[in-house]
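Engineer: Input structure: data.tsv, which contains TSV, C-alpha atoms.
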chain	number	residue	atom	x	y	z
A	153	MET	CA	14.46	19.57	-5.57
A	154	ILE	CA	14.42	16.25	-7.37
A	155	ASN	CA	17.02	15.97	-10.12
A	156	PRO	CA	15.04	15.96	-13.41
A	157	ASP	CA	17.80	13.89	-15.04
A	158	SER	CA	16.71	10.95	-12.88
A	159	VAL	CA	13.41	10.62	-14.76
A	160	GLY	CA	13.30	7.51	-16.92
A	161	ARG	CA	16.20	5.91	-15.11
A	162	THR	CA	16.17	2.67	-13.13
A	163	PHE	CA	18.09	2.45	-9.88
A	164	LYS	CA	18.95	-0.86	-8.25
A	165	GLY	CA	18.54	-1.29	-4.52
A	166	VAL	CA	21.74	-2.42	-2.88
A	167	ASP	CA	20.14	-4.85	-0.46
A	168	GLN	CA	18.96	-8.39	-0.92
A	169	VAL	CA	15.92	-8.75	1.29
A	170	THR	CA	15.00	-12.19	2.64
A	171	VAL	CA	11.35	-12.62	3.65
A	172	THR	CA	10.87	-14.41	6.97
A	173	GLN	CA	7.82	-16.26	8.21
A	174	SER	CA	7.69	-14.06	11.29
A	175	GLU	CA	7.43	-10.94	9.08
A	176	ILE	CA	4.54	-12.52	7.19
A	177	ASP	CA	2.91	-13.58	10.48
A	178	SER	CA	3.14	-10.03	11.91
A	179	PHE	CA	1.72	-8.41	8.78
A	180	ALA	CA	-1.10	-10.96	8.55
A	181	ALA	CA	-1.94	-10.55	12.26
A	182	VAL	CA	-2.55	-6.81	11.83
A	183	LEU	CA	-5.14	-7.58	9.17
A	184	GLY	CA	-6.75	-10.49	11.02
A	185	GLU	CA	-5.54	-12.88	8.32
A	186	THR	CA	-5.08	-16.38	9.73
A	187	ASP	CA	-3.64	-18.08	6.63
A	188	THR	CA	0.05	-17.25	6.71
A	189	THR	CA	1.25	-19.76	4.12
A	190	VAL	CA	1.54	-16.81	1.73
A	191	ALA	CA	1.98	-13.09	2.46
A	192	PRO	CA	-1.01	-10.72	2.28
A	193	PRO	CA	-1.09	-8.95	-1.12
A	194	THR	CA	0.22	-5.59	0.09
A	195	PHE	CA	3.10	-7.11	2.10
A	196	SER	CA	5.60	-6.15	-0.62
A	197	ILE	CA	5.26	-2.47	0.37
A	198	ARG	CA	7.40	-3.35	3.41
A	199	ILE	CA	10.26	-4.07	1.03
A	200	SER	CA	9.56	-1.43	-1.63
A	201	LEU	CA	9.22	1.52	0.76
A	202	SER	CA	12.45	0.80	2.62
A	203	GLN	CA	14.31	0.32	-0.66
A	204	TYR	CA	12.71	3.50	-2.07
A	205	GLU	CA	13.93	5.42	0.93
A	206	SER	CA	17.54	4.33	0.42
A	207	ILE	CA	17.39	4.76	-3.36
A	208	LEU	CA	15.41	7.98	-3.73
A	209	THR	CA	17.18	9.95	-1.01
A	210	GLN	CA	20.58	9.53	-2.72
A	211	PRO	CA	21.98	12.99	-3.52
A	212	GLU	CA	21.86	12.05	-7.21
A	213	ILE	CA	18.04	11.91	-7.03
A	214	GLY	CA	17.32	14.14	-4.07
A	215	VAL	CA	13.92	13.20	-2.66
A	216	ASN	CA	13.29	14.81	0.74
A	217	TRP	CA	11.87	11.80	2.58
A	218	SER	CA	10.64	13.80	5.57
A	219	ARG	CA	8.18	15.72	3.38
A	220	LEU	CA	6.79	12.71	1.57
A	221	VAL	CA	3.09	11.82	1.24
A	222	HIS	CA	1.82	8.69	-0.48
A	223	GLY	CA	-0.62	9.63	-3.25
A	224	ASP	CA	-1.58	6.32	-4.78
A	225	GLN	CA	-0.45	2.74	-5.08
A	226	LYS	CA	-0.86	-0.11	-7.52
A	227	PHE	CA	0.30	-3.73	-7.38
A	228	GLU	CA	0.61	-6.41	-10.03
A	229	ILE	CA	1.23	-9.69	-8.26
A	230	PHE	CA	2.56	-12.52	-10.42
A	231	ARG	CA	2.64	-14.97	-7.53
A	232	PRO	CA	2.19	-14.58	-3.78
A	233	ILE	CA	5.25	-13.84	-1.66
A	234	VAL	CA	6.32	-16.68	0.64
A	235	ALA	CA	8.88	-17.03	3.44
A	236	GLY	CA	12.35	-17.65	2.04
A	237	ASP	CA	11.94	-15.39	-0.99
A	238	VAL	CA	15.08	-13.31	-1.50
A	239	PHE	CA	14.30	-10.06	-3.27
A	240	THR	CA	16.24	-7.45	-5.10
A	241	CYS	CA	14.30	-4.25	-5.66
A	242	SER	CA	14.68	-1.72	-8.44
A	243	ALA	CA	13.12	1.72	-8.61
A	244	THR	CA	12.32	3.34	-11.95
A	245	ILE	CA	11.37	7.00	-11.86
A	246	GLU	CA	8.67	7.13	-14.51
A	247	THR	CA	7.45	10.71	-14.24
A	248	LEU	CA	8.17	13.90	-12.32
A	249	ARG	CA	5.94	16.93	-12.28
A	250	VAL	CA	5.49	19.98	-10.13
A	251	ALA	CA	2.01	21.10	-9.09
A	252	ALA	CA	1.15	23.81	-6.57
A	253	GLY	CA	4.72	23.81	-5.31
A	254	ASN	CA	4.73	20.04	-4.69
A	255	GLU	CA	6.94	17.61	-6.57
A	256	ILE	CA	5.00	14.56	-7.67
A	257	ILE	CA	6.93	11.49	-8.76
A	258	SER	CA	5.67	8.19	-10.06
A	259	VAL	CA	8.02	5.33	-9.19
A	260	ARG	CA	7.83	1.76	-10.35
A	261	SER	CA	9.29	-0.99	-8.19
A	262	ASP	CA	10.08	-4.49	-9.45
A	263	LEU	CA	10.80	-7.22	-6.93
A	264	HIS	CA	12.82	-10.09	-8.35
A	265	ASN	CA	13.54	-13.40	-6.65
A	266	GLY	CA	16.56	-14.42	-8.70
A	267	PRO	CA	15.43	-13.99	-12.31
A	268	GLU	CA	11.74	-14.30	-11.42
A	269	LEU	CA	9.63	-11.12	-11.35
A	270	VAL	CA	7.24	-11.62	-8.41
A	271	VAL	CA	5.63	-8.20	-7.85
A	272	SER	CA	5.60	-4.94	-9.79
A	273	SER	CA	4.22	-1.92	-8.03
A	274	TRP	CA	3.71	1.73	-8.80
A	275	SER	CA	3.69	4.48	-6.20
A	276	THR	CA	2.85	8.12	-6.64
A	277	LEU	CA	4.85	10.03	-4.05
A	278	VAL	CA	4.22	13.69	-3.30
A	279	VAL	CA	7.07	15.72	-1.84
A	280	ARG	CA	5.32	18.66	-0.22
A	281	GLY	CA	6.89	21.98	-1.03
B	2	MET	CA	-23.68	-14.68	-7.60
B	3	ILE	CA	-20.78	-13.72	-9.84
B	4	GLU	CA	-22.17	-11.35	-12.41
B	5	VAL	CA	-21.49	-7.78	-13.39
B	6	GLY	CA	-23.29	-5.31	-11.15
B	7	THR	CA	-23.45	-7.57	-8.11
B	8	VAL	CA	-22.75	-5.61	-4.94
B	9	LEU	CA	-20.79	-7.58	-2.34
B	10	PRO	CA	-21.77	-7.32	1.35
B	11	GLU	CA	-20.02	-4.55	3.22
B	12	LYS	CA	-17.65	-5.23	6.07
B	13	ILE	CA	-16.54	-2.87	8.83
B	14	PHE	CA	-12.97	-2.89	10.12
B	15	TYR	CA	-11.99	-0.85	13.19
B	16	ILE	CA	-8.78	1.15	13.42
B	17	ASP	CA	-7.31	2.36	16.70
B	18	ARG	CA	-3.92	3.61	17.86
B	19	ALA	CA	-2.84	0.10	18.84
B	20	LEU	CA	-3.49	-1.12	15.29
B	21	LEU	CA	-1.47	1.80	13.87
B	22	LYS	CA	1.46	0.81	16.11
B	23	ALA	CA	1.13	-2.84	15.07
B	24	TYR	CA	1.03	-1.86	11.39
B	25	ALA	CA	4.01	0.47	11.80
B	26	ASP	CA	6.02	-2.42	13.25
B	27	ALA	CA	4.82	-4.95	10.67
B	28	SER	CA	5.36	-2.66	7.68
B	29	GLY	CA	8.45	-0.79	8.85
B	30	ASP	CA	6.70	2.57	8.25
B	31	GLN	CA	7.45	4.40	11.49
B	32	ASN	CA	6.48	7.88	10.24
B	33	PRO	CA	5.45	9.73	13.44
B	34	ILE	CA	2.30	11.19	11.81
B	35	HIS	CA	0.81	7.72	12.38
B	36	GLN	CA	1.69	7.49	16.08
B	37	ASN	CA	2.56	10.83	17.64
B	38	GLU	CA	-0.27	13.33	18.07
B	39	GLU	CA	1.98	16.28	18.88
B	40	PHE	CA	4.01	15.65	15.75
B	41	ALA	CA	0.91	15.18	13.57
B	42	LEU	CA	-0.52	18.52	14.77
B	43	SER	CA	2.84	20.23	14.20
B	44	VAL	CA	2.74	19.36	10.50
B	45	GLY	CA	-0.83	20.62	10.07
B	46	LEU	CA	-2.80	17.39	10.40
B	47	PRO	CA	-6.03	17.32	12.44
B	48	ASN	CA	-4.71	14.42	14.54
B	49	VAL	CA	-2.84	11.13	14.12
B	50	ILE	CA	-3.81	9.56	10.80
B	51	SER	CA	-3.77	5.98	9.59
B	52	HIS	CA	-1.13	4.80	7.14
B	53	GLY	CA	-2.79	4.92	3.71
B	54	MET	CA	-1.26	1.51	3.12
B	55	LEU	CA	-3.01	0.13	6.23
B	56	THR	CA	-6.32	1.33	4.83
B	57	MET	CA	-5.44	-0.30	1.52
B	58	ALA	CA	-4.29	-3.51	3.24
B	59	LEU	CA	-7.61	-3.80	5.09
B	60	ALA	CA	-9.50	-3.24	1.83
B	61	GLY	CA	-7.29	-5.99	0.41
B	62	LYS	CA	-8.28	-8.29	3.27
B	63	TYR	CA	-11.92	-7.64	2.39
B	64	VAL	CA	-11.23	-8.61	-1.23
B	65	THR	CA	-9.17	-11.72	-0.46
B	66	ASP	CA	-11.76	-12.97	2.05
B	67	TRP	CA	-14.31	-12.86	-0.75
B	68	ALA	CA	-11.92	-14.21	-3.38
B	69	GLY	CA	-10.83	-17.26	-1.37
B	70	GLY	CA	-7.48	-16.18	0.03
B	71	SER	CA	-4.44	-13.94	-0.32
B	72	ALA	CA	-3.09	-15.91	-3.29
B	73	ASN	CA	-6.10	-14.95	-5.44
B	74	LEU	CA	-5.48	-11.20	-5.72
B	75	LEU	CA	-3.68	-10.38	-8.98
B	76	GLU	CA	-3.94	-6.60	-9.28
B	77	PHE	CA	-4.84	-3.99	-6.70
B	78	SER	CA	-4.81	-0.20	-6.90
B	79	ALA	CA	-6.07	2.79	-4.93
B	80	ARG	CA	-5.65	6.51	-4.42
B	81	PHE	CA	-5.33	7.93	-0.92
B	82	ILE	CA	-7.83	10.77	-1.19
B	83	LYS	CA	-8.60	11.55	2.47
B	84	PRO	CA	-6.80	10.60	5.67
B	85	VAL	CA	-8.40	8.29	8.22
B	86	VAL	CA	-8.14	10.33	11.42
B	87	VAL	CA	-7.57	8.22	14.54
B	88	PRO	CA	-7.98	10.16	17.83
B	89	ALA	CA	-6.52	8.64	21.03
B	90	GLY	CA	-8.95	6.25	22.72
B	91	ASP	CA	-11.21	5.96	19.64
B	92	LYS	CA	-11.91	3.07	17.33
B	93	VAL	CA	-12.78	4.53	13.95
B	94	ASP	CA	-14.55	2.57	11.27
B	95	LEU	CA	-13.28	1.59	7.86
B	96	THR	CA	-16.32	0.44	5.92
B	97	VAL	CA	-15.51	-1.51	2.78
B	98	ALA	CA	-17.73	-2.81	-0.01
B	99	ALA	CA	-17.28	-3.74	-3.65
B	100	THR	CA	-19.13	-4.15	-6.93
B	101	ILE	CA	-18.32	-6.66	-9.67
B	102	THR	CA	-17.50	-4.70	-12.82
B	103	GLU	CA	-16.18	-7.34	-15.21
B	104	VAL	CA	-16.07	-11.13	-15.44
B	105	ASP	CA	-14.15	-13.17	-17.97
B	106	GLY	CA	-13.03	-16.79	-18.15
B	107	LYS	CA	-10.30	-16.46	-15.56
B	108	THR	CA	-10.69	-13.23	-13.62
B	109	ILE	CA	-13.18	-10.99	-11.86
B	110	LYS	CA	-12.75	-7.22	-11.61
B	111	LEU	CA	-14.04	-5.28	-8.62
B	112	ASP	CA	-14.58	-1.62	-7.82
B	113	ILE	CA	-14.03	-1.09	-4.11
B	114	THR	CA	-15.46	1.61	-1.86
B	115	ALA	CA	-13.87	2.48	1.47
B	116	THR	CA	-15.23	5.10	3.86
B	117	SER	CA	-14.43	6.22	7.38
B	118	ALA	CA	-16.98	8.23	9.40
B	119	GLY	CA	-18.97	8.47	6.17
B	120	VAL	CA	-16.11	10.05	4.21
B	121	LYS	CA	-14.63	8.32	1.18
B	122	VAL	CA	-10.96	7.63	1.94
B	123	LEU	CA	-9.85	5.54	-1.05
B	124	GLY	CA	-10.46	6.67	-4.63
B	125	MET	CA	-10.35	4.63	-7.82
B	126	ALA	CA	-9.89	1.48	-5.75
B	127	LYS	CA	-9.90	-1.56	-7.99
B	128	ALA	CA	-8.92	-5.20	-7.79
B	129	VAL	CA	-8.55	-8.12	-10.16
B	130	VAL	CA	-8.99	-11.53	-8.58
B	131	VAL	CA	-8.86	-15.14	-9.75
B	132	LYS	CA	-12.30	-16.44	-10.70
Please render this file's structure as structure tokens.
Structural biologist:
Amino acid sequence: MINPDSVGRTFKGVDQVTVTQSEIDSFAAVLGETDTTVAPPTFSIRISLSQYESILTQPEIGVNWSRLVHGDQKFEIFRPIVAGDVFTCSATIETLRVAAGNEIISVRSDLHNGPELVVSSWSTLVVRG
Amino acid sequence: MIEVGTVLPEKIFYIDRALLKAYADASGDQNPIHQNEEFALSVGLPNVISHGMLTMALAGKYVTDWAGGSANLLEFSARFIKPVVVPAGDKVDLTVAATITEVDGKTIKLDITATSAGVKVLGMAKAVVVK
């Protein structure tokens, strides 16, 4: 079970994640995007999901990652991601509810390059009961 | 023409197992339900399914092609309402279209539709792009 005391709290990812051109190239290639001067708009999920996994599976929060399904996703992109960006990622657990035996959490992720907020995203994650 | 109600031409993307593997590597999402049929069946899925985020990324490619590039997408949201099932050896379609819903001085809002085998796979899919 997810710890209800975690709702409303913001957890900082421990890693600084540096974006490389080869990561952008690989992501763009899957989509058939030939302009790789900036990352495709959903590229940031690569960073958010890995940071979510390390943050949300902490015993203090208690998400069971192996039973996770992605319900919805939203991005607000303040500028495109480029190679050389160095991101820190935070996860804020905005809501937690239980429906039909599933735990449904809404998590907000902010990616900062230094002081600059580059992408905010919201993910609804369903932990199947 | 950029006015409310305009329907943009549809585009068909094709998803196969090789694309799922490429997306898994590019995104870091190595969940076996997107690559391993035996595992997918064992957790009650009909077969291997696409990453929802791959479906969304392809819909994003559709939008940014129309909007003049990746840098022009400001907001993007979608619900994953049905899985895109990808049997071995098949190329399944992802058919994407959009309608202009709002235009102001700086931005254009779009409602996006995405179907696979005639079934709607993204719900409430919306984008805001630079005009």
Engineer: Around (-10.6, -0.8, 13.4), as given in the file, which residues come within 9 Å? Count all atoms listed in the file and list them as a list in words.
Structural biologist: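 Selection result: Ile13, Phe14, Tyr15, Ile16, Asp17, Leu20, Lys92, Val93, Asp94 and Leu95 of chain B.
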Engineer: Choose the residue, out of B:Gly90, B:Gly119, B:Gly45, B:Gly124, that has the smallest atom-to-atom separation from chain A; count only C-alpha atoms.
Structural biologist: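 Using only C-alpha atoms, the shortest distance to chain A belongs to B:Gly124.
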Engineer: Please check the contacts: residues of chain B at most 6 Å away from chain A, using only C-alpha atoms, listed as a list in words.
Structural biologist: Ala27, Ser28, Ala58, Ser71, Ala72, Leu75, Glu76, Phe77, Ser78, Ala79, Arg80 and Phe81 of chain B
Engineer: If you keep C-alpha atoms, can you produce a file of those selected residues as a compact mmCIF listing (two decimals), keeping the file's coordinate frame?
Structural biologist:
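And here is the file that came out, part-v3.txt:
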# COMPACT_ATOMS: atom_id res chain seq x y z
CA ALA B 27 4.82 -4.95 10.67
CA SER B 28 5.36 -2.66 7.68
CA ALA B 58 -4.29 -3.51 3.24
CA SER B 71 -4.44 -13.94 -0.32
CA ALA B 72 -3.09 -15.91 -3.29
CA LEU B 75 -3.68 -10.38 -8.98
CA GLU B 76 -3.94 -6.60 -9.28
CA PHE B 77 -4.84 -3.99 -6.70
CA SER B 78 -4.81 -0.20 -6.90
CA ALA B 79 -6.07 2.79 -4.93
CA ARG B 80 -5.65 6.51 -4.42
CA PHE B 81 -5.33 7.93 -0.92
Engineer: May I have the residues within 10 Å of Gly6 in chain B as an MDAnalysis selection string, using all atoms listed in the file and disregarding those fewer than 4 positions away in the same chain?
Structural biologist: chainID B and resid 99:103 111
Engineer: Between CA of Ser258 in chain A and CA of Glu246 in chain A, what distance in Å does the model show, to one decimal?
Structural biologist: 5.5 Å
Engineer: Have a look at A:Val215, A:Ala251, A:Leu263, A:Leu269 and name the one nearest to Asp167 in chain A; count only C-alpha atoms.
Structural biologist: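 Residue with the minimum atom-to-atom distance to Asp167 in chain A: A:Leu263.
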Engineer: Counting all atoms listed in the file, which of B:Leu21, B:Val49, B:Ala98, B:Ile82 gets nearest to Lys121 in chain B?
Structural biologist: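 Answer, going by the shortest atom-to-atom distance: B:Ile82.
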Engineer: For a cutoff of 12 Å around the file-coordinate point (14.2, -17.1, -9.6), which residues qualify once you count only C-alpha atoms? I'd like the result as a ChimeraX atom specification.
Structural biologist: /A:231,236-240,263-270
Engineer: Could you list, as a PyMOL selection string, every residue within 9 Å of His52 in chain B, counting all atoms listed in the file and ignoring same-chain residues fewer than 6 positions away?
Structural biologist: chain B and resi 21+24-25+30+32+34-35+84-85
Engineer: Store the residues of this selection in a file with C-alpha atoms, as an mmCIF file, in the coordinates of the input.
Structural biologist:
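Everything below was put into out-v8.cif:
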data_model
loop_
_atom_site.group_PDB
_atom_site.id
_atom_site.type_symbol
_atom_site.label_atom_id
_atom_site.label_comp_id
_atom_site.auth_asym_id
_atom_site.auth_seq_id
_atom_site.Cartn_x
_atom_site.Cartn_y
_atom_site.Cartn_z
ATOM 1 C CA LEU B 21 -1.470 1.800 13.870
ATOM 2 C CA TYR B 24 1.030 -1.860 11.390
ATOM 3 C CA ALA B 25 4.010 0.470 11.800
ATOM 4 C CA ASP B 30 6.700 2.570 8.250
ATOM 5 C CA ASN B 32 6.480 7.880 10.240
ATOM 6 C CA ILE B 34 2.300 11.190 11.810
ATOM 7 C CA HIS B 35 0.810 7.720 12.380
ATOM 8 C CA PRO B 84 -6.800 10.600 5.670
ATOM 9 C CA VAL B 85 -8.400 8.290 8.220
#
